[in-house]
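Q: Data file my_file31.cif (mmCIF, C-alpha atoms) is appended below.
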```
data_protein
loop_
_atom_site.label_atom_id
_atom_site.label_comp_id
_atom_site.auth_asym_id
_atom_site.auth_seq_id
_atom_site.Cartn_x
_atom_site.Cartn_y
_atom_site.Cartn_z
CA MET A 58 0.00 0.00 0.00
CA THR A 59 1.27 3.49 -0.90
CA ILE A 60 0.51 6.24 1.60
CA LEU A 61 1.49 9.89 1.32
CA ILE A 62 1.40 11.94 4.52
CA LYS A 63 1.34 15.64 3.64
CA ASN A 64 2.27 18.81 5.52
CA GLY A 65 2.74 17.34 9.00
CA ARG A 66 5.25 18.45 11.60
CA VAL A 67 7.65 15.53 11.27
CA VAL A 68 9.40 14.74 14.55
CA ASP A 69 12.17 12.14 14.33
CA PRO A 70 14.92 12.29 16.98
CA ALA A 71 17.01 9.61 15.23
CA ASN A 72 17.51 12.03 12.35
CA ASN A 73 17.15 15.25 14.38
CA LEU A 74 14.08 16.26 12.38
CA ASP A 75 11.43 18.68 13.59
CA GLU A 76 9.94 20.49 10.59
CA ILE A 77 6.98 20.56 8.20
CA LEU A 78 7.55 17.76 5.68
CA ASP A 79 5.87 14.99 3.71
CA ILE A 80 6.42 11.24 4.14
CA LEU A 81 5.97 8.67 1.40
CA ILE A 82 5.34 5.06 2.45
CA GLU A 83 5.74 2.22 -0.04
CA ASP A 84 5.83 -1.56 0.44
CA GLY A 85 5.81 -1.26 4.23
CA LEU A 86 8.84 1.04 4.36
CA ILE A 87 9.61 4.75 4.59
CA ALA A 88 10.37 5.55 0.95
CA LYS A 89 10.96 9.29 1.15
CA VAL A 90 10.90 12.16 3.65
CA GLY A 91 10.98 15.67 2.23
CA ALA A 92 9.14 18.83 1.29
CA ASN A 93 6.41 18.87 -1.36
CA ILE A 94 6.57 15.22 -2.40
CA ARG A 95 4.48 14.81 -5.56
CA THR A 96 3.46 11.29 -6.46
CA GLN A 97 0.45 9.01 -6.85
CA ALA A 98 -0.64 7.22 -3.66
CA LYS A 99 -3.48 4.92 -2.70
CA GLU A 100 -4.16 7.15 0.29
CA ILE A 101 -3.19 10.73 1.01
CA ILE A 102 -3.32 11.94 4.61
CA ASP A 103 -3.52 15.69 5.12
CA ALA A 104 -1.49 16.05 8.32
CA THR A 105 -1.65 19.84 8.51
CA GLY A 106 -1.52 20.94 12.15
CA THR A 107 -0.52 17.51 13.42
CA ILE A 108 2.60 15.82 14.76
CA VAL A 109 3.92 12.97 12.60
CA MET A 110 6.30 10.79 14.57
CA PRO A 111 7.56 7.22 14.86
CA GLY A 112 5.09 4.74 16.32
CA LEU A 113 5.63 4.38 20.05
CA VAL A 114 7.71 1.50 21.40
CA ASP A 115 6.30 0.44 24.77
CA MET A 116 8.84 -1.81 26.48
CA HIS A 117 6.70 -2.72 29.49
CA VAL A 118 3.35 -4.31 28.70
CA HIS A 119 1.35 -7.15 30.27
CA LEU A 120 -0.98 -8.81 27.76
CA ARG A 121 -1.90 -11.74 30.06
CA GLU A 122 -2.06 -14.36 27.31
CA PRO A 123 -1.62 -17.27 27.80
CA GLY A 124 -3.51 -17.98 31.01
CA ARG A 125 -5.53 -14.89 31.88
CA GLU A 126 -7.42 -14.12 28.71
CA ASP A 127 -10.26 -12.81 30.88
CA LYS A 128 -8.04 -9.77 31.57
CA GLU A 129 -6.47 -9.20 28.15
CA THR A 130 -5.38 -11.04 25.03
CA ILE A 131 -2.76 -10.42 22.41
CA ALA A 132 -5.60 -9.37 20.08
CA THR A 133 -7.33 -6.92 22.44
CA GLY A 134 -4.10 -5.56 23.91
CA THR A 135 -2.53 -4.84 20.54
CA ALA A 136 -5.76 -3.22 19.34
CA ALA A 137 -5.55 -0.96 22.38
CA ALA A 138 -1.91 -0.26 21.52
CA ALA A 139 -2.86 0.76 17.98
CA LYS A 140 -5.47 3.20 19.30
CA GLY A 141 -2.86 4.71 21.62
CA GLY A 142 -0.24 5.15 18.90
CA VAL A 143 1.91 2.22 20.04
CA THR A 144 3.24 0.15 17.15
CA SER A 145 5.66 -2.07 19.08
CA VAL A 146 5.28 -3.66 22.50
CA LEU A 147 7.50 -5.80 24.70
CA VAL A 148 5.36 -8.32 26.56
CA MET A 149 6.32 -9.29 30.09
CA PRO A 150 6.65 -13.00 30.99
CA ASN A 151 4.39 -13.12 34.07
CA THR A 152 1.71 -15.07 32.25
CA GLN A 153 0.22 -18.38 33.41
CA PRO A 154 2.38 -20.33 32.89
CA ALA A 155 5.36 -17.98 32.82
CA ILE A 156 7.32 -17.52 29.60
CA ASP A 157 10.34 -19.45 30.83
CA SER A 158 11.06 -22.07 28.15
CA VAL A 159 11.58 -22.47 24.43
CA GLU A 160 8.19 -24.19 24.23
CA SER A 161 6.34 -21.33 25.93
CA VAL A 162 8.06 -18.78 23.70
CA ALA A 163 7.12 -20.79 20.61
CA LEU A 164 3.47 -20.91 21.75
CA LEU A 165 3.41 -17.18 22.37
CA LYS A 166 4.98 -16.48 18.98
CA LYS A 167 2.23 -18.53 17.33
CA ILE A 168 -0.48 -16.51 19.11
CA ILE A 169 1.27 -13.27 18.14
CA GLN A 170 1.54 -14.30 14.50
CA GLU A 171 -2.16 -15.19 14.35
CA THR A 172 -3.72 -12.34 16.34
CA ALA A 173 -1.41 -9.35 16.92
CA LYS A 174 -2.21 -6.01 15.31
CA VAL A 175 1.15 -4.39 16.13
CA ASN A 176 4.73 -5.62 16.49
CA VAL A 177 5.09 -7.78 19.60
CA PHE A 178 8.51 -8.57 21.08
CA ILE A 179 9.00 -11.04 23.91
CA ALA A 180 10.70 -10.81 27.28
CA ALA A 181 11.31 -14.22 28.85
CA ALA A 182 11.68 -14.93 32.55
CA ILE A 183 15.06 -14.79 34.27
CA THR A 184 14.22 -17.75 36.51
CA ARG A 185 12.00 -20.81 36.16
CA GLN A 186 8.38 -19.89 36.94
CA ARG A 187 9.77 -16.53 38.12
CA GLN A 188 10.51 -18.16 41.47
CA GLY A 189 14.06 -16.82 41.84
CA SER A 190 15.59 -20.27 42.35
CA GLU A 191 16.80 -21.62 38.99
CA LEU A 192 17.89 -19.75 35.88
CA THR A 193 16.14 -20.23 32.57
CA ASP A 194 18.20 -21.29 29.55
CA ILE A 195 18.98 -17.79 28.35
CA ALA A 196 21.00 -18.93 25.32
CA LYS A 197 18.19 -21.12 23.98
CA LEU A 198 15.60 -18.44 24.69
CA LYS A 199 17.69 -15.96 22.70
CA GLN A 200 17.85 -18.42 19.80
CA GLU A 201 14.04 -18.64 19.95
CA GLY A 202 13.84 -14.86 19.46
CA ILE A 203 13.41 -13.17 22.84
CA VAL A 204 14.97 -9.70 23.18
CA ALA A 205 15.05 -9.29 26.98
CA ILE A 206 14.69 -11.18 30.24
CA SER A 207 12.86 -10.13 33.38
CA ASP A 208 11.11 -11.63 36.40
CA ASP A 209 8.87 -8.57 36.35
CA GLY A 210 6.57 -8.53 39.34
CA ALA A 211 9.43 -9.99 41.36
CA SER A 212 13.10 -9.29 41.90
CA VAL A 213 15.75 -12.02 41.91
CA ASP A 214 16.68 -11.86 45.59
CA ASN A 215 19.69 -14.16 45.46
CA ASP A 216 22.72 -11.98 44.61
CA ALA A 217 24.84 -14.85 43.26
CA LEU A 218 22.02 -16.12 41.05
CA PHE A 219 21.29 -12.65 39.70
CA GLN A 220 24.99 -12.11 38.98
CA GLU A 221 25.05 -15.38 37.04
CA ALA A 222 21.99 -14.23 35.08
CA LEU A 223 23.72 -10.96 34.21
CA GLU A 224 26.83 -12.78 33.06
CA LYS A 225 24.84 -15.10 30.80
CA ALA A 226 22.73 -12.24 29.47
CA LYS A 227 25.91 -10.33 28.60
CA GLU A 228 27.22 -13.34 26.67
CA GLN A 229 23.96 -13.52 24.70
CA GLN A 230 23.58 -9.73 24.32
CA VAL A 231 20.18 -9.80 25.99
CA LEU A 232 18.87 -6.89 28.03
CA VAL A 233 18.04 -7.59 31.69
CA ILE A 234 14.99 -5.66 32.92
CA CYS A 235 14.99 -5.28 36.69
CA HIS A 236 11.92 -5.17 38.90
CA SER A 237 13.84 -3.53 41.72
CA GLU A 238 11.94 -4.39 44.90
CA ASP A 239 13.21 -5.78 48.20
CA LYS A 240 10.12 -7.53 49.52
CA LEU A 241 11.61 -7.74 53.01
CA LEU A 242 11.30 -3.95 53.03
CA SER A 243 8.03 -3.56 51.12
CA CYS A 244 6.50 -6.00 53.65
CA GLY A 245 3.24 -6.60 51.82
CA GLY A 246 2.37 -2.90 51.82
CA VAL A 247 -0.22 -1.41 49.50
CA VAL A 248 0.48 2.36 49.42
CA ASN A 249 3.49 4.63 49.87
CA LEU A 250 4.80 4.74 53.44
CA GLY A 251 4.10 8.20 54.85
CA LEU A 252 1.36 10.51 55.99
CA THR A 253 -1.15 9.10 53.52
CA SER A 254 -0.66 5.49 54.62
CA THR A 255 -1.00 6.59 58.25
CA ARG A 256 -4.12 8.60 57.50
CA LEU A 257 -5.76 5.69 55.66
CA GLY A 258 -4.61 3.04 58.10
CA LEU A 259 -3.03 1.03 55.27
CA ARG A 260 0.30 -0.78 55.26
CA GLY A 261 3.02 1.37 53.70
CA ILE A 262 5.79 0.58 51.20
CA SER A 263 9.00 2.50 51.82
CA SER A 264 11.05 4.09 49.06
CA ALA A 265 13.98 2.10 50.43
CA SER A 266 12.37 -1.11 49.18
CA GLU A 267 12.99 0.26 45.68
CA TYR A 268 16.23 2.21 45.91
CA ASN A 269 18.10 -0.36 48.00
CA ARG A 270 17.43 -2.95 45.33
CA VAL A 271 18.29 -0.46 42.56
CA ALA A 272 21.66 0.00 44.29
CA ARG A 273 22.20 -3.79 44.34
CA ASP A 274 21.22 -4.19 40.70
CA ILE A 275 23.56 -1.39 39.63
CA GLN A 276 26.42 -2.82 41.69
CA LEU A 277 26.10 -6.21 39.99
CA ALA A 278 25.77 -4.57 36.57
CA GLU A 279 29.04 -2.76 37.19
CA LYS A 280 30.70 -5.99 38.29
CA THR A 281 29.53 -8.00 35.27
CA LYS A 282 29.51 -5.15 32.72
CA ALA A 283 26.04 -6.29 31.63
CA ASN A 284 23.26 -4.05 30.29
CA ILE A 285 20.42 -3.52 32.76
CA HIS A 286 17.22 -1.55 32.55
CA ILE A 287 15.45 -0.44 35.74
CA ALA A 288 11.67 -0.72 35.34
CA HIS A 289 8.98 1.64 36.69
CA VAL A 290 11.19 4.02 38.70
CA SER A 291 9.02 5.83 41.26
CA CYS A 292 11.25 7.64 43.75
CA LYS A 293 13.92 10.34 43.65
CA GLU A 294 16.56 8.28 45.50
CA SER A 295 16.52 5.68 42.72
CA LEU A 296 17.16 8.41 40.17
CA GLU A 297 20.12 9.72 42.14
CA LEU A 298 21.68 6.25 42.09
CA ILE A 299 21.00 5.81 38.37
CA SER A 300 22.43 9.23 37.57
CA GLN A 301 25.61 8.43 39.47
CA ALA A 302 25.88 5.06 37.73
CA LYS A 303 25.57 6.64 34.31
CA LYS A 304 28.32 9.12 35.14
CA LYS A 305 30.55 6.16 36.03
CA GLY A 306 29.85 4.55 32.66
CA ILE A 307 27.76 1.66 34.02
CA LYS A 308 25.41 0.28 31.37
CA VAL A 309 22.09 1.21 32.92
CA THR A 310 18.92 2.68 31.47
CA CYS A 311 15.62 3.23 33.21
CA GLU A 312 11.95 3.96 32.66
CA THR A 313 9.05 5.50 34.46
CA ALA A 314 5.32 5.31 33.77
CA PRO A 315 2.80 8.13 33.24
CA HIS A 316 1.16 7.64 36.64
CA TYR A 317 4.45 8.37 38.39
CA PHE A 318 4.89 11.79 36.77
CA SER A 319 1.22 12.80 36.95
CA LEU A 320 -0.17 11.43 40.24
CA SER A 321 1.02 11.46 43.85
CA GLU A 322 0.08 9.29 46.83
CA GLU A 323 -2.76 11.70 47.60
CA ALA A 324 -4.68 10.13 44.69
CA VAL A 325 -5.36 7.08 46.89
CA LEU A 326 -7.13 9.09 49.61
CA GLY A 327 -10.53 8.09 48.21
CA PHE A 328 -9.57 4.39 48.38
CA ASP A 329 -9.86 4.19 44.57
CA THR A 330 -8.24 0.85 43.74
CA ASN A 331 -7.42 2.13 40.25
CA MET A 332 -4.73 4.13 42.07
CA LYS A 333 -3.19 0.98 43.53
CA VAL A 334 0.02 0.21 41.65
CA ASN A 335 3.38 -1.42 42.41
CA PRO A 336 5.59 0.43 43.12
CA PRO A 337 3.01 2.71 44.74
CA LEU A 338 2.25 6.31 43.86
CA ARG A 339 4.82 8.28 45.83
CA SER A 340 5.08 11.67 47.52
CA LYS A 341 4.82 15.02 45.80
CA ASP A 342 8.60 15.38 46.23
CA ASP A 343 9.10 12.09 44.39
CA LEU A 344 6.70 13.18 41.65
CA ALA A 345 8.72 16.38 41.21
CA GLY A 346 11.90 14.30 41.16
CA ILE A 347 10.54 12.04 38.44
CA ARG A 348 9.61 15.05 36.33
CA GLN A 349 13.09 16.49 36.84
CA GLY A 350 14.60 13.13 35.89
CA LEU A 351 12.69 13.28 32.61
CA VAL A 352 13.89 16.81 31.91
CA GLN A 353 17.51 15.97 32.76
CA ALA A 354 17.35 12.73 30.73
CA THR A 355 18.27 10.54 33.68
CA ILE A 356 15.07 8.73 32.75
CA ASP A 357 15.53 7.31 29.28
CA VAL A 358 12.11 5.78 28.63
CA ILE A 359 8.42 6.31 29.30
CA ALA A 360 6.51 3.01 29.29
CA SER A 361 2.92 2.26 30.24
CA ASP A 362 3.38 -0.78 32.52
CA HIS A 363 -0.02 -1.71 31.06
CA ALA A 364 -1.45 -4.09 33.69
CA PRO A 365 -5.05 -5.10 32.99
CA HIS A 366 -7.21 -6.58 35.76
CA THR A 367 -10.86 -7.62 35.86
CA GLU A 368 -13.43 -5.61 37.79
CA ASN A 369 -13.70 -8.46 40.28
CA GLU A 370 -10.01 -8.00 41.08
CA LYS A 371 -10.25 -4.22 41.42
CA ASP A 372 -13.73 -3.50 42.79
CA ILE A 373 -12.95 -4.91 46.25
CA GLU A 374 -11.25 -3.73 49.46
CA PHE A 375 -8.11 -1.71 48.77
CA GLU A 376 -5.73 -4.13 50.50
CA ARG A 377 -7.12 -7.12 48.61
CA ALA A 378 -7.26 -5.48 45.17
CA GLU A 379 -4.68 -6.30 42.51
CA SER A 380 -1.98 -3.72 41.79
CA GLY A 381 -1.71 -2.17 38.36
CA VAL A 382 -3.42 0.03 35.79
CA ILE A 383 -3.96 -0.07 32.04
CA GLY A 384 -2.10 2.53 30.01
CA LEU A 385 -1.68 1.73 26.32
CA GLU A 386 -4.52 4.02 25.21
CA THR A 387 -3.64 6.95 27.48
CA GLU A 388 0.16 7.05 27.79
CA LEU A 389 0.82 9.42 24.89
CA ALA A 390 -1.96 11.82 25.87
CA VAL A 391 -0.95 11.85 29.55
CA ALA A 392 2.65 12.55 28.52
CA ALA A 393 1.55 15.31 26.15
CA THR A 394 -0.72 16.87 28.77
CA GLU A 395 1.67 16.64 31.72
CA LEU A 396 5.02 17.15 30.02
CA ILE A 397 4.61 18.98 26.70
CA HIS A 398 1.71 21.31 27.46
CA THR A 399 3.43 22.28 30.73
CA GLY A 400 6.66 23.13 28.91
CA LEU A 401 8.81 20.45 30.56
CA LEU A 402 9.58 18.59 27.32
CA ASP A 403 9.08 19.15 23.60
CA TRP A 404 7.85 16.66 21.01
CA LEU A 405 11.39 15.73 20.01
CA ASP A 406 12.14 14.82 23.65
CA LEU A 407 8.95 12.81 23.92
CA ALA A 408 9.56 10.89 20.69
CA LYS A 409 12.98 10.02 22.02
CA LYS A 410 11.65 8.66 25.33
CA MET A 411 8.64 6.85 23.87
CA ALA A 412 10.02 5.55 20.56
CA LEU A 413 13.75 5.84 19.88
CA ASN A 414 15.25 5.14 23.32
CA PRO A 415 13.20 2.02 24.09
CA ALA A 416 13.99 0.65 20.63
CA ARG A 417 17.69 1.23 21.21
CA ALA A 418 17.57 -0.30 24.69
CA LEU A 419 15.99 -3.45 23.23
CA GLY A 420 18.25 -3.52 20.18
CA ILE A 421 15.34 -3.49 17.73
CA ASN A 422 15.19 -1.51 14.49
CA LYS A 423 12.25 0.69 15.42
CA GLY A 424 11.57 4.22 16.65
CA THR A 425 12.73 6.12 13.57
CA LEU A 426 11.35 7.58 10.34
CA GLY A 427 14.59 7.07 8.43
CA VAL A 428 14.33 6.19 4.75
CA GLY A 429 14.34 2.42 4.31
CA CYS A 430 13.08 1.77 7.84
CA ASP A 431 9.82 0.04 8.74
CA ALA A 432 6.87 2.36 8.21
CA ASP A 433 5.61 2.50 11.80
CA VAL A 434 4.18 6.01 11.95
CA ILE A 435 1.57 7.89 13.96
CA VAL A 436 -0.28 11.12 13.23
CA VAL A 437 -1.27 13.03 16.37
CA SER A 438 -3.41 16.13 16.92
CA PRO A 439 -1.41 17.68 19.77
CA ASP A 440 -4.00 20.12 21.12
CA LYS A 441 -7.23 18.17 20.66
CA GLU A 442 -8.89 17.44 24.00
CA TRP A 443 -10.72 14.30 25.10
CA ILE A 444 -12.09 12.81 28.30
CA VAL A 445 -11.03 9.33 29.40
CA GLN A 446 -14.16 7.16 29.52
CA LYS A 447 -14.41 3.52 30.55
CA GLU A 448 -16.77 2.59 27.74
CA LYS A 449 -14.39 3.93 25.10
CA PHE A 450 -11.48 1.65 26.01
CA VAL A 451 -10.50 -1.02 23.48
CA SER A 452 -8.57 -2.89 26.17
CA LYS A 453 -10.51 -5.81 27.67
CA SER A 454 -9.95 -4.39 31.17
CA LYS A 455 -10.91 -0.86 32.20
CA ASN A 456 -8.74 -0.23 35.30
CA SER A 457 -7.34 3.18 34.33
CA ALA A 458 -5.99 5.72 36.80
CA PHE A 459 -7.20 8.50 34.50
CA LEU A 460 -10.94 7.83 34.23
CA GLY A 461 -12.81 11.13 33.92
CA LYS A 462 -9.62 13.12 33.21
CA LYS A 463 -9.45 15.64 30.39
CA LEU A 464 -6.33 15.05 28.31
CA LYS A 465 -4.73 16.73 25.30
CA GLY A 466 -3.40 14.78 22.35
CA VAL A 467 -5.39 12.49 20.06
CA VAL A 468 -3.98 9.80 17.78
CA GLU A 469 -5.60 10.26 14.37
CA TYR A 470 -3.79 7.51 12.46
CA THR A 471 -1.59 4.59 13.43
CA ILE A 472 0.38 3.00 10.62
CA CYS A 473 2.24 -0.26 11.25
CA ALA A 474 4.41 -1.92 8.60
CA GLY A 475 2.93 0.44 6.03
CA GLU A 476 -0.72 -0.38 6.76
CA ILE A 477 -3.24 1.88 8.50
CA ILE A 478 -4.25 -0.22 11.50
CA TYR A 479 -6.12 2.54 13.38
CA ARG A 480 -8.00 5.55 12.11
CA ASN A 481 -9.79 7.93 14.46
CA ALA A 482 -13.48 7.88 13.58
CA ASP A 483 -13.48 11.69 13.43
CA VAL A 484 -11.06 11.89 10.50
CA ARG A 485 -12.28 11.94 6.91
CA ARG A 486 -10.80 9.44 4.49
CA GLU A 487 -9.28 10.69 1.23
CA ASP A 488 -8.37 8.02 -1.30
CA ARG A 489 -6.35 8.84 -4.36
#
```
Would you write out, as structure tokens, the structure that this file holds?

A:
Amino acid sequence: MTILIKNGRVVDPANNLDEILDILIEDGLIAKVGANIRTQAKEIIDATGTIVMPGLVDMHVHLREPGREDKETIATGTAAAAKGGVTSVLVMPNTQPAIDSVESVALLKKIIQETAKVNVFIAAAITRQRQGSELTDIAKLKQEGIVAISDDGASVDNDALFQEALEKAKEQQVLVICHSEDKLLSCGGVVNLGLTSTRLGLRGISSASEYNRVARDIQLAEKTKANIHIAHVSCKESLELISQAKKKGIKVTCETAPHYFSLSEEAVLGFDTNMKVNPPLRSKDDLAGIRQGLVQATIDVIASDHAPHTENEKDIEFERAESGVIGLETELAVAATELIHTGLLDWLDLAKKMALNPARALGINKGTLGVGCDADVIVVSPDKEWIVQKEKFVSKSKNSAFLGKKLKGVVEYTICAGEIIYRNADVRREDR
């Protein structure tokens, strides 16, 4: 299919582009980027007044299949991704059963091939059944096509075992994604430890449960010279450690999620279980620290940590409710609203954190609009407002932290591998 995108503000950090240009897409690839491209095309998109940027690469997504298809499936989750402007996702291995063997990876690849609407990359488990006792066969998993390993939802507590995992991952050139949590310190808590937890009478989770484990993970990364990526950073002390590590040349990248730069622990005061996440929403000081970390580029990546749960798992007592929120359909708009429209970042910065940097961290050829690259492109109306409504979600689960919020930034088109896979119902089609 030939698509010509006309007169959009093309934002591509890989090529340092931020100007009004046209993009020609042919045979699934970016064929040409330039001014006033004149050619025949099956579809012409008038992108005047919009941002045209690489499709987002979300490197932290839970799609629940196999095992919990009542929460989400590859089909529904990737449809939600398309609506949110995400053209590539990395799926976490905490499925049922866990993605911890060549056989489970092969099964997941088959489901992806048959049902996925966007590019789906696979993270396998670090340890068997994510139990922290026995390493998976990282070499064979790499041969089967995984691009990262993680026990996400759990940290590998045993230092010697985690060091061995890092050494083997380095040999195989596989990224290790760290869920940095010391459960001896988080102690089964459900909200941030502080005034809010005291006021609500709920068990608190200290920041130390995160940053102490971040320190351990960085120390072992330095020792092994392996690449690590710290997931869902939520507190300022973690960022200080990561910043210091980067200055020392340690191979560490990190991410945060939209709820950590837009919401503080005060959001849980109404006992809304959609505000229950792990790590928990932190203090206003931490929120400010996360925003500063984005501005200073200590934080490399924004990822959704899309974690769908059924209403039965959320609409119960706060302490019993599952942790996690969905985010594929809101992450770009929350980032635009909280970071761009407040002047903290510009679109080039955002494209870097949500497309280019995660692609580079994973070693995949995505996140760019370079000629000859895969045509994964989104067209976004940056100022258009919308209200987050439960009934409008494509995701199978509806547990969003932003229900009822007014956001700025609407995805008008999502193009993946040169095909339009999502078109906002409000836009008018023009065939040529």

Q: Which residues would end up in the selection if the PyMOL selection byres ((chain A and resi 234) around 12) were applied here, given that I need the answer as number ranges by chain?

A: A: 116-117, 147-150, 180-183, 204-213, 219, 222-223, 226, 231-233, 235-237, 271, 274-275, 278, 283-290, 309-312, 415, 418-419

Q: Please produce a file of the residues just selected, as a PDB file, keeping the file's coordinate frame, where the atoms kept are C-alpha atoms.

A:
```
ATOM      1  CA  MET A 116       8.840  -1.810  26.480  1.00  0.00           C
ATOM      2  CA  HIS A 117       6.700  -2.720  29.490  1.00  0.00           C
ATOM      3  CA  LEU A 147       7.500  -5.800  24.700  1.00  0.00           C
ATOM      4  CA  VAL A 148       5.360  -8.320  26.560  1.00  0.00           C
ATOM      5  CA  MET A 149       6.320  -9.290  30.090  1.00  0.00           C
ATOM      6  CA  PRO A 150       6.650 -13.000  30.990  1.00  0.00           C
ATOM      7  CA  ALA A 180      10.700 -10.810  27.280  1.00  0.00           C
ATOM      8  CA  ALA A 181      11.310 -14.220  28.850  1.00  0.00           C
ATOM      9  CA  ALA A 182      11.680 -14.930  32.550  1.00  0.00           C
ATOM     10  CA  ILE A 183      15.060 -14.790  34.270  1.00  0.00           C
ATOM     11  CA  VAL A 204      14.970  -9.700  23.180  1.00  0.00           C
ATOM     12  CA  ALA A 205      15.050  -9.290  26.980  1.00  0.00           C
ATOM     13  CA  ILE A 206      14.690 -11.180  30.240  1.00  0.00           C
ATOM     14  CA  SER A 207      12.860 -10.130  33.380  1.00  0.00           C
ATOM     15  CA  ASP A 208      11.110 -11.630  36.400  1.00  0.00           C
ATOM     16  CA  ASP A 209       8.870  -8.570  36.350  1.00  0.00           C
ATOM     17  CA  GLY A 210       6.570  -8.530  39.340  1.00  0.00           C
ATOM     18  CA  ALA A 211       9.430  -9.990  41.360  1.00  0.00           C
ATOM     19  CA  SER A 212      13.100  -9.290  41.900  1.00  0.00           C
ATOM     20  CA  VAL A 213      15.750 -12.020  41.910  1.00  0.00           C
ATOM     21  CA  PHE A 219      21.290 -12.650  39.700  1.00  0.00           C
ATOM     22  CA  ALA A 222      21.990 -14.230  35.080  1.00  0.00           C
ATOM     23  CA  LEU A 223      23.720 -10.960  34.210  1.00  0.00           C
ATOM     24  CA  ALA A 226      22.730 -12.240  29.470  1.00  0.00           C
ATOM     25  CA  VAL A 231      20.180  -9.800  25.990  1.00  0.00           C
ATOM     26  CA  LEU A 232      18.870  -6.890  28.030  1.00  0.00           C
ATOM     27  CA  VAL A 233      18.040  -7.590  31.690  1.00  0.00           C
ATOM     28  CA  CYS A 235      14.990  -5.280  36.690  1.00  0.00           C
ATOM     29  CA  HIS A 236      11.920  -5.170  38.900  1.00  0.00           C
ATOM     30  CA  SER A 237      13.840  -3.530  41.720  1.00  0.00           C
ATOM     31  CA  VAL A 271      18.290  -0.460  42.560  1.00  0.00           C
ATOM     32  CA  ASP A 274      21.220  -4.190  40.700  1.00  0.00           C
ATOM     33  CA  ILE A 275      23.560  -1.390  39.630  1.00  0.00           C
ATOM     34  CA  ALA A 278      25.770  -4.570  36.570  1.00  0.00           C
ATOM     35  CA  ALA A 283      26.040  -6.290  31.630  1.00  0.00           C
ATOM     36  CA  ASN A 284      23.260  -4.050  30.290  1.00  0.00           C
ATOM     37  CA  ILE A 285      20.420  -3.520  32.760  1.00  0.00           C
ATOM     38  CA  HIS A 286      17.220  -1.550  32.550  1.00  0.00           C
ATOM     39  CA  ILE A 287      15.450  -0.440  35.740  1.00  0.00           C
ATOM     40  CA  ALA A 288      11.670  -0.720  35.340  1.00  0.00           C
ATOM     41  CA  HIS A 289       8.980   1.640  36.690  1.00  0.00           C
ATOM     42  CA  VAL A 290      11.190   4.020  38.700  1.00  0.00           C
ATOM     43  CA  VAL A 309      22.090   1.210  32.920  1.00  0.00           C
ATOM     44  CA  THR A 310      18.920   2.680  31.470  1.00  0.00           C
ATOM     45  CA  CYS A 311      15.620   3.230  33.210  1.00  0.00           C
ATOM     46  CA  GLU A 312      11.950   3.960  32.660  1.00  0.00           C
ATOM     47  CA  PRO A 415      13.200   2.020  24.090  1.00  0.00           C
ATOM     48  CA  ALA A 418      17.570  -0.300  24.690  1.00  0.00           C
ATOM     49  CA  LEU A 419      15.990  -3.450  23.230  1.00  0.00           C
TER      50      LEU A 419
END
```

Q: Given the point (10.0, -21.3, 26.9) in the coordinates of this file, which residues lie within 10 Å, counting all atoms listed in the file, and how would they look as a list in words?

A: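 Within the cut-off we find Pro150, Pro154, Ala155, Ile156, Asp157, Ser158, Val159, Glu160, Ser161, Val162, Ala163, Leu164, Leu165, Ala181, Ala182, Arg185, Thr193, Asp194, Ile195, Lys197, Leu198, Glu201 and Ile203 of chain A.
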
Q: Apply the PyMOL selection byres ((chain A and resi 414) around 10) to the file shown and report the selected residues as a list in words.

A: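 Selection result, ordered by chain and number: Pro70, Ala71, Val114, Met116, Thr310, Glu312, Asp357, Val358, Ile359, Leu407, Ala408, Lys409, Lys410, Met411, Ala412, Leu413, Pro415, Ala416, Arg417, Ala418, Leu419, Gly420, Lys423 and Gly424 of chain A.
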
Q: Report the distance between atom CA of His363 of chain A and atom CA of Val437 of chain A in Å, rounded to one decimal place.

A: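 Separation of atom CA of His363 of chain A and atom CA of Val437 of chain A: 20.8 Å.
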
Q: Which of these residues is nearest to Val247 of chain A, using all atoms listed in the file: A:Asp214, A:Glu279, A:Asp69, A:Glu374?

A: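 Answer, going by the shortest atom-to-atom distance: A:Glu374.
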
Q: Show which residues sit within 6 Å of Val109 of chain A, as a count of residues only. Count all atoms listed in the file, and ignore same-chain residues fewer than 2 positions away.

A: 5

Q: Suppose a student applies the PyMOL selection byres ((chain A and resi 125) around 10) to this structure; what residues should they get, written as a list in words?

A: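 Evaluating the PyMOL selection byres ((chain A and resi 125) around 10) on this file yields Leu120, Arg121, Glu122, Pro123, Gly124, Glu126, Asp127, Lys128, Glu129, Thr130, Thr152, Gln153, Pro154, Pro365, His366 and Thr367 of chain A.
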
Q: Neighbours of Lys371 of chain A within 8 Å (only C-alpha atoms; same-chain residues fewer than 5 positions away dropped), as a list of chain:residue names?

A: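 Non-adjacent residues within range: A:Thr330, A:Asn331, A:His366, A:Ala378, A:Glu379, A:Asn456.
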
Q: Kindly provide, as a count of residues only, the polymer residues lying within 10 Å of (-5.1, 10.8, 28.6), counting only C-alpha atoms and using the coordinates exactly as they appear in the file.

A: 30

Q: Any idea what's packed within 10 Å of Asn269 of chain A, counting all atoms listed in the file, ignoring anything in its chain fewer than 3 positions away? Could you give it as a VMD selection string?

A: chain A and resid 237 to 239 242 264 to 266 272 to 274 294 to 295 298

Q: Mind dumping a table of every segment 121-192 of chain A residue within 7 Å of segment 472-481 of chain A, with the nearest atom pair and its distance in Å to one decimal, using all atoms listed in the file, sorted by chain and rising number, as a Markdown table?

A:
```
| residue | atom | partner | partner_atom | distance |
| --- | --- | --- | --- | --- |
| A:Ala139 | CA | A:Tyr479 | CA | 5.9 |
| A:Lys140 | CA | A:Tyr479 | CA | 6.0 |
| A:Thr144 | CA | A:Cys473 | CA | 6.0 |
| A:Val175 | CA | A:Cys473 | CA | 6.5 |
```
